[in-house]
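Colleague: Structure file data37.pdb, PDB, C-alpha atoms and all ligand atoms, is pasted below:
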MODEL        1
ATOM      1  CA  MET A1051     -13.628  -6.120  20.241
ATOM      2  CA  ARG A1052     -13.356  -6.265  16.468
ATOM      3  CA  ARG A1053     -10.820  -8.605  14.893
ATOM      4  CA  VAL A1054     -10.676  -7.903  11.176
ATOM      5  CA  THR A1055      -7.714  -9.255   9.239
ATOM      6  CA  PHE A1056      -6.599  -9.085   5.645
ATOM      7  CA  ALA A1057      -5.044 -11.639   3.328
ATOM      8  CA  LEU A1058      -3.468 -10.682   0.002
ATOM      9  CA  VAL A1059      -3.192 -13.871  -2.046
ATOM     10  CA  HIS A1060      -0.516 -14.296  -4.731
ATOM     11  CA  TYR A1061      -1.375 -17.944  -5.385
ATOM     12  CA  PRO A1062      -3.717 -19.442  -6.417
ATOM     13  CA  CYS A1063      -4.840 -16.578  -8.633
ATOM     14  CA  VAL A1064      -6.001 -16.646 -12.233
ATOM     15  CA  ASP A1065      -4.451 -15.030 -15.287
ATOM     16  CA  LYS A1066      -6.217 -13.381 -18.225
ATOM     17  CA  GLN A1067      -7.133 -16.815 -19.624
ATOM     18  CA  GLY A1068      -8.460 -17.992 -16.278
ATOM     19  CA  GLU A1069      -5.477 -20.309 -15.767
ATOM     20  CA  LEU A1070      -3.943 -20.727 -12.296
ATOM     21  CA  TYR A1071      -0.756 -18.835 -11.701
ATOM     22  CA  ALA A1072       1.290 -17.070  -9.052
ATOM     23  CA  THR A1073       1.964 -13.341  -9.037
ATOM     24  CA  SER A1074       4.855 -11.510  -7.410
ATOM     25  CA  ILE A1075       4.741  -9.650  -4.132
ATOM     26  CA  THR A1076       5.144  -5.919  -4.732
ATOM     27  CA  ASN A1077       6.484  -3.273  -2.422
ATOM     28  CA  LEU A1078       3.522  -1.078  -3.367
ATOM     29  CA  ASP A1079       0.894  -3.645  -2.371
ATOM     30  CA  VAL A1080       2.597  -4.375   0.946
ATOM     31  CA  HIS A1081       3.025  -0.717   1.902
ATOM     32  CA  ASP A1082      -0.172   0.747   0.513
ATOM     33  CA  ILE A1083      -2.525  -1.888   1.883
ATOM     34  CA  ALA A1084      -0.678  -1.960   5.230
ATOM     35  CA  ARG A1085      -1.302   1.782   5.617
ATOM     36  CA  SER A1086      -4.978   1.437   4.733
ATOM     37  CA  ALA A1087      -5.309  -1.561   7.028
ATOM     38  CA  ARG A1088      -3.707   0.284   9.966
ATOM     39  CA  THR A1089      -5.960   3.296   9.378
ATOM     40  CA  TYR A1090      -9.034   1.109   9.924
ATOM     41  CA  ASP A1091      -7.394  -0.908  12.712
ATOM     42  CA  VAL A1092      -7.158  -4.168  10.797
ATOM     43  CA  THR A1093      -5.216  -6.353  13.229
ATOM     44  CA  ARG A1094      -3.138  -8.434  10.826
ATOM     45  CA  TYR A1095      -2.349  -8.151   7.131
ATOM     46  CA  TYR A1096      -1.277 -11.563   5.811
ATOM     47  CA  VAL A1097       0.793 -11.545   2.624
ATOM     48  CA  VAL A1098       0.395 -15.020   1.119
ATOM     49  CA  HIS A1099       2.929 -16.657  -1.223
ATOM     50  CA  PRO A1100       3.938 -20.333  -1.645
ATOM     51  CA  ILE A1101       7.441 -19.590  -2.990
ATOM     52  CA  SER A1102      10.048 -19.108  -0.244
ATOM     53  CA  ALA A1103      12.063 -16.475  -2.140
ATOM     54  CA  GLN A1104       8.911 -14.398  -2.482
ATOM     55  CA  ARG A1105       8.108 -14.818   1.208
ATOM     56  CA  GLU A1106      11.646 -13.674   2.025
ATOM     57  CA  LEU A1107      10.973 -10.556  -0.081
ATOM     58  CA  GLY A1108       7.765  -9.922   1.830
ATOM     59  CA  GLU A1109       9.540 -10.416   5.160
ATOM     60  CA  ALA A1110      12.322  -8.036   4.049
ATOM     61  CA  ILE A1111       9.855  -5.315   3.009
ATOM     62  CA  ALA A1112       8.019  -5.511   6.328
ATOM     63  CA  GLY A1113      11.083  -6.270   8.442
ATOM     64  CA  PHE A1114      13.043  -3.228   7.269
ATOM     65  CA  TRP A1115      10.565  -0.965   9.021
ATOM     66  CA  GLN A1116      11.101  -2.712  12.350
ATOM     67  CA  GLU A1117      14.775  -1.673  12.386
ATOM     68  CA  GLU A1118      15.784   1.237  14.623
ATOM     69  CA  LYS A1119      16.913   3.545  11.790
ATOM     70  CA  ALA A1120      13.647   3.035   9.946
ATOM     71  CA  LYS A1121      11.634   3.562  13.127
ATOM     72  CA  ARG A1122      13.372   6.889  13.640
ATOM     73  CA  ARG A1123      12.820   7.879  10.025
ATOM     74  CA  ASN A1124       9.123   7.073   9.841
ATOM     75  CA  PRO A1125       7.481   5.617  12.974
ATOM     76  CA  ASP A1126       4.047   5.746  11.335
ATOM     77  CA  ARG A1127       5.231   3.445   8.563
ATOM     78  CA  THR A1128       6.797   1.151  11.161
ATOM     79  CA  GLU A1129       3.445   0.886  12.892
ATOM     80  CA  ALA A1130       1.587   0.002   9.697
ATOM     81  CA  LEU A1131       4.139  -2.546   8.482
ATOM     82  CA  GLY A1132       4.279  -4.025  11.988
ATOM     83  CA  ARG A1133       0.920  -5.686  11.332
ATOM     84  CA  VAL A1134       2.180  -7.533   8.264
ATOM     85  CA  ARG A1135       2.710 -11.290   8.492
ATOM     86  CA  VAL A1136       3.901 -13.515   5.624
ATOM     87  CA  THR A1137       2.485 -17.019   5.107
ATOM     88  CA  SER A1138       2.732 -19.760   2.500
ATOM     89  CA  THR A1139      -0.971 -20.339   2.089
ATOM     90  CA  ILE A1140      -4.304 -18.770   2.920
ATOM     91  CA  GLU A1141      -4.963 -21.825   5.081
ATOM     92  CA  GLU A1142      -1.877 -20.989   7.152
ATOM     93  CA  ALA A1143      -3.154 -17.459   7.717
ATOM     94  CA  ILE A1144      -6.544 -18.824   8.816
ATOM     95  CA  GLN A1145      -4.769 -21.314  11.104
ATOM     96  CA  LYS A1146      -2.728 -18.537  12.743
ATOM     97  CA  GLU A1147      -5.890 -16.616  13.493
ATOM     98  CA  THR A1148      -7.624 -19.729  14.773
ATOM     99  CA  GLU A1149      -4.694 -20.606  17.067
ATOM    100  CA  ALA A1150      -4.851 -17.062  18.442
ATOM    101  CA  GLY A1151      -8.488 -17.681  19.342
ATOM    102  CA  PHE A1152      -9.999 -15.718  16.482
ATOM    103  CA  ALA A1153     -11.218 -18.332  14.020
ATOM    104  CA  PRO A1154     -12.242 -16.058  11.157
ATOM    105  CA  TYR A1155     -15.293 -15.902   8.945
ATOM    106  CA  VAL A1156     -13.506 -15.809   5.599
ATOM    107  CA  VAL A1157     -14.822 -13.279   3.092
ATOM    108  CA  ALA A1158     -13.409 -13.310  -0.432
ATOM    109  CA  THR A1159     -13.529 -10.241  -2.640
ATOM    110  CA  SER A1160     -13.927 -10.036  -6.386
ATOM    111  CA  ALA A1161     -14.896  -7.606  -9.104
ATOM    112  CA  ARG A1162     -16.946 -10.329 -10.751
ATOM    113  CA  PRO A1163     -20.663 -10.414  -9.888
ATOM    114  CA  SER A1164     -21.705 -13.732  -8.345
ATOM    115  CA  ALA A1165     -24.838 -15.194  -6.776
ATOM    116  CA  ASN A1166     -25.474 -14.951  -3.011
ATOM    117  CA  VAL A1167     -22.936 -12.258  -2.280
ATOM    118  CA  LEU A1168     -22.539 -10.750   1.169
ATOM    119  CA  SER A1169     -23.858  -7.188   1.116
ATOM    120  CA  PHE A1170     -21.733  -4.393   2.520
ATOM    121  CA  SER A1171     -24.325  -3.727   5.239
ATOM    122  CA  ASP A1172     -24.343  -7.391   6.300
ATOM    123  CA  GLY A1173     -20.557  -7.445   6.074
ATOM    124  CA  ARG A1174     -20.371  -4.384   8.285
ATOM    125  CA  ALA A1175     -22.583  -6.050  10.892
ATOM    126  CA  LEU A1176     -20.493  -9.226  10.703
ATOM    127  CA  CYS A1177     -17.295  -7.313  11.455
ATOM    128  CA  ASP A1178     -18.932  -6.079  14.659
ATOM    129  CA  GLU A1179     -20.052  -9.582  15.644
ATOM    130  CA  ARG A1180     -17.124 -11.924  14.997
ATOM    131  CA  PRO A1181     -13.581 -12.210  13.602
ATOM    132  CA  VAL A1182     -13.540 -11.650   9.839
ATOM    133  CA  MET A1183     -10.728 -12.227   7.342
ATOM    134  CA  LEU A1184     -11.039 -10.265   4.100
ATOM    135  CA  VAL A1185      -9.265 -12.029   1.231
ATOM    136  CA  PHE A1186      -7.988 -10.097  -1.771
ATOM    137  CA  GLY A1187      -6.487 -11.370  -4.976
ATOM    138  CA  THR A1188      -3.836 -10.252  -7.421
ATOM    139  CA  GLY A1189      -3.334 -10.914 -11.098
ATOM    140  CA  HIS A1190      -6.789 -11.294 -12.578
ATOM    141  CA  GLY A1191      -8.380 -12.311  -9.323
ATOM    142  CA  LEU A1192      -8.681 -15.120  -6.808
ATOM    143  CA  ALA A1193      -8.781 -18.694  -8.094
ATOM    144  CA  PRO A1194     -12.096 -20.572  -7.765
ATOM    145  CA  SER A1195     -10.584 -22.765  -5.041
ATOM    146  CA  VAL A1196     -10.102 -19.708  -2.819
ATOM    147  CA  LEU A1197     -13.670 -18.572  -3.432
ATOM    148  CA  GLU A1198     -14.843 -22.106  -2.554
ATOM    149  CA  LEU A1199     -12.935 -22.221   0.741
ATOM    150  CA  SER A1200     -14.351 -18.848   1.737
ATOM    151  CA  ASP A1201     -17.482 -18.547   3.876
ATOM    152  CA  ALA A1202     -18.819 -15.742   1.684
ATOM    153  CA  ILE A1203     -18.005 -13.524  -1.264
ATOM    154  CA  LEU A1204     -18.412  -9.819  -0.637
ATOM    155  CA  ALA A1205     -20.518  -7.846  -3.106
ATOM    156  CA  PRO A1206     -18.305  -6.249  -5.766
ATOM    157  CA  VAL A1207     -17.603  -2.546  -5.608
ATOM    158  CA  GLN A1208     -19.585  -0.929  -8.454
ATOM    159  CA  PRO A1209     -20.795  -4.163 -10.109
ATOM    160  CA  GLU A1210     -22.917  -2.275 -12.637
ATOM    161  CA  ALA A1211     -20.078  -0.062 -13.791
ATOM    162  CA  ASP A1212     -19.125  -0.365 -17.457
ATOM    163  CA  TYR A1213     -15.494  -0.233 -16.398
ATOM    164  CA  ASN A1214     -14.400  -2.194 -13.347
ATOM    165  CA  HIS A1215     -10.640  -2.591 -13.079
ATOM    166  CA  LEU A1216      -9.790  -1.295  -9.654
ATOM    167  CA  SER A1217      -6.331  -1.964  -8.364
ATOM    168  CA  VAL A1218      -6.292  -4.227  -5.337
ATOM    169  CA  ARG A1219      -4.997  -1.269  -3.341
ATOM    170  CA  ALA A1220      -7.957   0.908  -4.310
ATOM    171  CA  ALA A1221     -10.472  -1.901  -3.842
ATOM    172  CA  ALA A1222      -9.088  -2.671  -0.388
ATOM    173  CA  ALA A1223      -9.397   0.949   0.716
ATOM    174  CA  ILE A1224     -12.949   1.332  -0.590
ATOM    175  CA  ILE A1225     -14.048  -1.945   1.018
ATOM    176  CA  LEU A1226     -12.400  -1.043   4.319
ATOM    177  CA  ASP A1227     -14.247   2.233   4.444
ATOM    178  CA  ARG A1228     -17.579   0.621   3.609
ATOM    179  CA  LEU A1229     -17.155  -2.079   6.262
ATOM    180  CA  LEU A1230     -15.296  -0.242   9.015
ATOM    181  CA  GLY A1231     -15.432   3.440   8.194
ATOM    182  CA  GLU A1232     -17.127   6.113  10.234
ATOM    183  CA  ARG A1233     -20.760   6.719   9.415
TER     184      ARG A1233
HETATM  185  N1  LIG B1301      -2.575  -6.297 -10.885
HETATM  186  C1  LIG B1301      -3.763  -5.719 -10.251
HETATM  187  C2  LIG B1301      -3.370  -4.587  -9.316
HETATM  188  O1  LIG B1301      -2.288  -4.048  -9.460
HETATM  189  O2  LIG B1301      -4.147  -4.311  -8.434
HETATM  190  C3  LIG B1301      -4.490  -6.755  -9.456
HETATM  191  C4  LIG B1301      -5.916  -6.727  -9.725
HETATM  192  S1  LIG B1301      -6.721  -7.912  -8.749
HETATM  193  C5  LIG B1301      -7.702  -8.732  -9.778
HETATM  194  C6  LIG B1301      -7.796  -6.919  -7.919
HETATM  195  C7  LIG B1301      -8.255  -7.534  -6.635
HETATM  196  O3  LIG B1301      -8.805  -6.467  -5.949
HETATM  197  C8  LIG B1301      -9.337  -8.593  -6.807
HETATM  198  O4  LIG B1301      -8.833  -9.908  -6.737
HETATM  199  C9  LIG B1301     -10.233  -8.292  -5.630
HETATM  200  O5  LIG B1301      -9.700  -8.884  -4.461
HETATM  201  C10 LIG B1301     -10.104  -6.787  -5.529
HETATM  202  N2  LIG B1301     -11.033  -6.075  -6.402
HETATM  203  C11 LIG B1301     -10.770  -5.443  -7.556
HETATM  204  N3  LIG B1301     -11.873  -4.837  -8.038
HETATM  205  C12 LIG B1301     -12.848  -5.102  -7.149
HETATM  206  C13 LIG B1301     -14.230  -4.763  -7.080
HETATM  207  N4  LIG B1301     -14.812  -4.016  -8.030
HETATM  208  N5  LIG B1301     -14.941  -5.210  -6.031
HETATM  209  C14 LIG B1301     -14.340  -5.969  -5.059
HETATM  210  N6  LIG B1301     -13.041  -6.323  -5.067
HETATM  211  C15 LIG B1301     -12.311  -5.891  -6.107
ENDMDL
END
Could you render the structure as structure tokens?

Modeller:
Amino acid sequence: MRRVTFALVHYPCVDKQGELYATSITNLDVHDIARSARTYDVTRYYVVHPISAQRELGEAIAGFWQEEKAKRRNPDRTEALGRVRVTSTIEEAIQKETEAGFAPYVVATSARPSANVLSFSDGRALCDERPVMLVFGTGHGLAPSVLELSDAILAPVQPEADYNHLSVRAAAAIILDRLLGER
């Protein structure tokens, strides 16, 4: 039984200068990635933010769709947003999975080429073998500390392209299909 989870990290990320900073949770990222995640049966989608007001926003976005009137209006959206959980840190998301008995192999994602990346074919096999948490960044990408705590970095989508500025929403969907999609 596959257990693939997602984490969308809003801190620590890096800005254009490579400095650490926190980005804001967006309605679009929560909804769009939740729908992609549900389509490929990702079990949990962790939205990670250290600032409580931002976590409250994330909880409100997801929580609205658990209300009766929203369920009646769009049950499919309720189902997708029902897999969203909000945490303060990536470590907390990993801990929640571990406490549930699914200690994850943590796979970071990045547009930047790096040495010893996990290929999509190996990543696909891994998802069939053990719990995997796919970690996505915002801003200008995940901070080095997140890459360091990860067990692997997934190969970039289109690393040789002369233009590589996918939105996190698009990158998540492409990666999901490569790792979990029908063949
Ligand atoms: N503000 C941007 C947005 O609206 O999407 C955020 C961009 S953020 C850097 C993009 C994130 O998506 C990266 O941290 C990474 O997780 C993922 N990503 C983007 N391009 C990618 C690629 N070519 N290969 C793998 N992951 C990629």

Colleague: Considering all atoms listed in the file, can you say which of A:Thr1055, A:Ser1074, A:Arg1122, A:Val1182 comes closest to ligand LIG 1301 (chain B)?

Modeller: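 Selected residue with least distance to ligand LIG 1301 (chain B): A:Ser1074.
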
Colleague: Set the cut-off to 10 Å, count only C-alpha atoms and all ligand atoms, and list whatever residues fall near ligand LIG 1301 (chain B) as a ChimeraX atom specification.

Modeller: /A:1057-1060,1063-1066,1073-1074,1076,1078-1079,1158-1163,1184-1193,1203-1211,1213-1225

Colleague: Between A:Asn1166, A:Lys1121, A:Leu1229, A:Glu1147, which one has atoms that come closest to A:Arg1135, using all atoms listed in the file?

Modeller: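 Of all the options, A:Glu1147 lies closest to A:Arg1135.
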
Colleague: To test your reading of the syntax: which residues would the PyMOL selection byres (((chain A and resi 1180) around 8) and not hetatm) return for the file shown? Reply as a ChimeraX atom specification.

Modeller: /A:1052-1053,1154-1155,1176-1179,1181-1182

Colleague: Which protein, DNA or RNA residues are at most 12 Å from (-4.4, -19.0, 8.7) in the file's coordinates when you count only C-alpha atoms, listed as number ranges by chain?

Modeller: A: 1055-1057, 1059, 1094-1098, 1135-1156, 1182-1185

Colleague: Rounded to one decimal place, report the atom CA of A:His1099-atom CA of A:Ile1083 distance in Å.

Modeller: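 Computing the Euclidean distance for atom CA of A:His1099 and atom CA of A:Ile1083 yields 16.0 Å.
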
Colleague: Rounded to one decimal, what separation in Å do you get between atom CA of A:Leu1199 and atom CA of A:Val1157?

Modeller: 9.4 Å

Colleague: Could you tell me which of A:Val1134, A:Ala1087, A:Val1092, A:Arg1228 comes closest to A:Asp1172 if we count only C-alpha atoms?

Modeller: A:Arg1228

Colleague: May I ask for the distance between atom CA of A:Glu1129 and atom CA of A:Gly1173, given in Å to one decimal place?

Modeller: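 Rounded to one decimal, the two atoms are 26.3 Å apart.
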
Colleague: Counting all atoms listed in the file, I want the residues whose atoms come within 12 Å of (1.9, 4.3, 13.6) in the file frame, returned as a count of residues only.

Modeller: 22

Colleague: Looking at A:Ile1075, A:Ala1120, A:Val1080, A:Ala1165, which one is nearest to A:Ser1102, with distances taken over all atoms listed in the file?

Modeller: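 That would be A:Ile1075, the residue with the smallest distance to A:Ser1102.
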
Colleague: My list of candidates is A:Ile1101, A:Ala1112, A:Val1167, A:Asp1227. Which is closest to A:Pro1062 when distances are computed with only C-alpha atoms?

Modeller: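 Closest candidate: A:Ile1101.
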
Colleague: First collect every listed atom of stretch 1135-1149 of chain A; then fit an axis-aligned box around them, widen it by 6 Å on each side, and give centre and edge lengths in Å to one decimal, as JSON.

Modeller:
{"center_x": -1.9, "center_y": -16.6, "center_z": 9.6, "size_x": 23.5, "size_y": 22.5, "size_z": 27.0}

Colleague: Compare A:Gly1231, A:Asn1077, A:Leu1107, A:Leu1168 by their minimum atom-to-atom distance to A:Asp1201, counting only C-alpha atoms, and give me the closest one.

Modeller: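 Smallest distance to A:Asp1201 is found for A:Leu1168.
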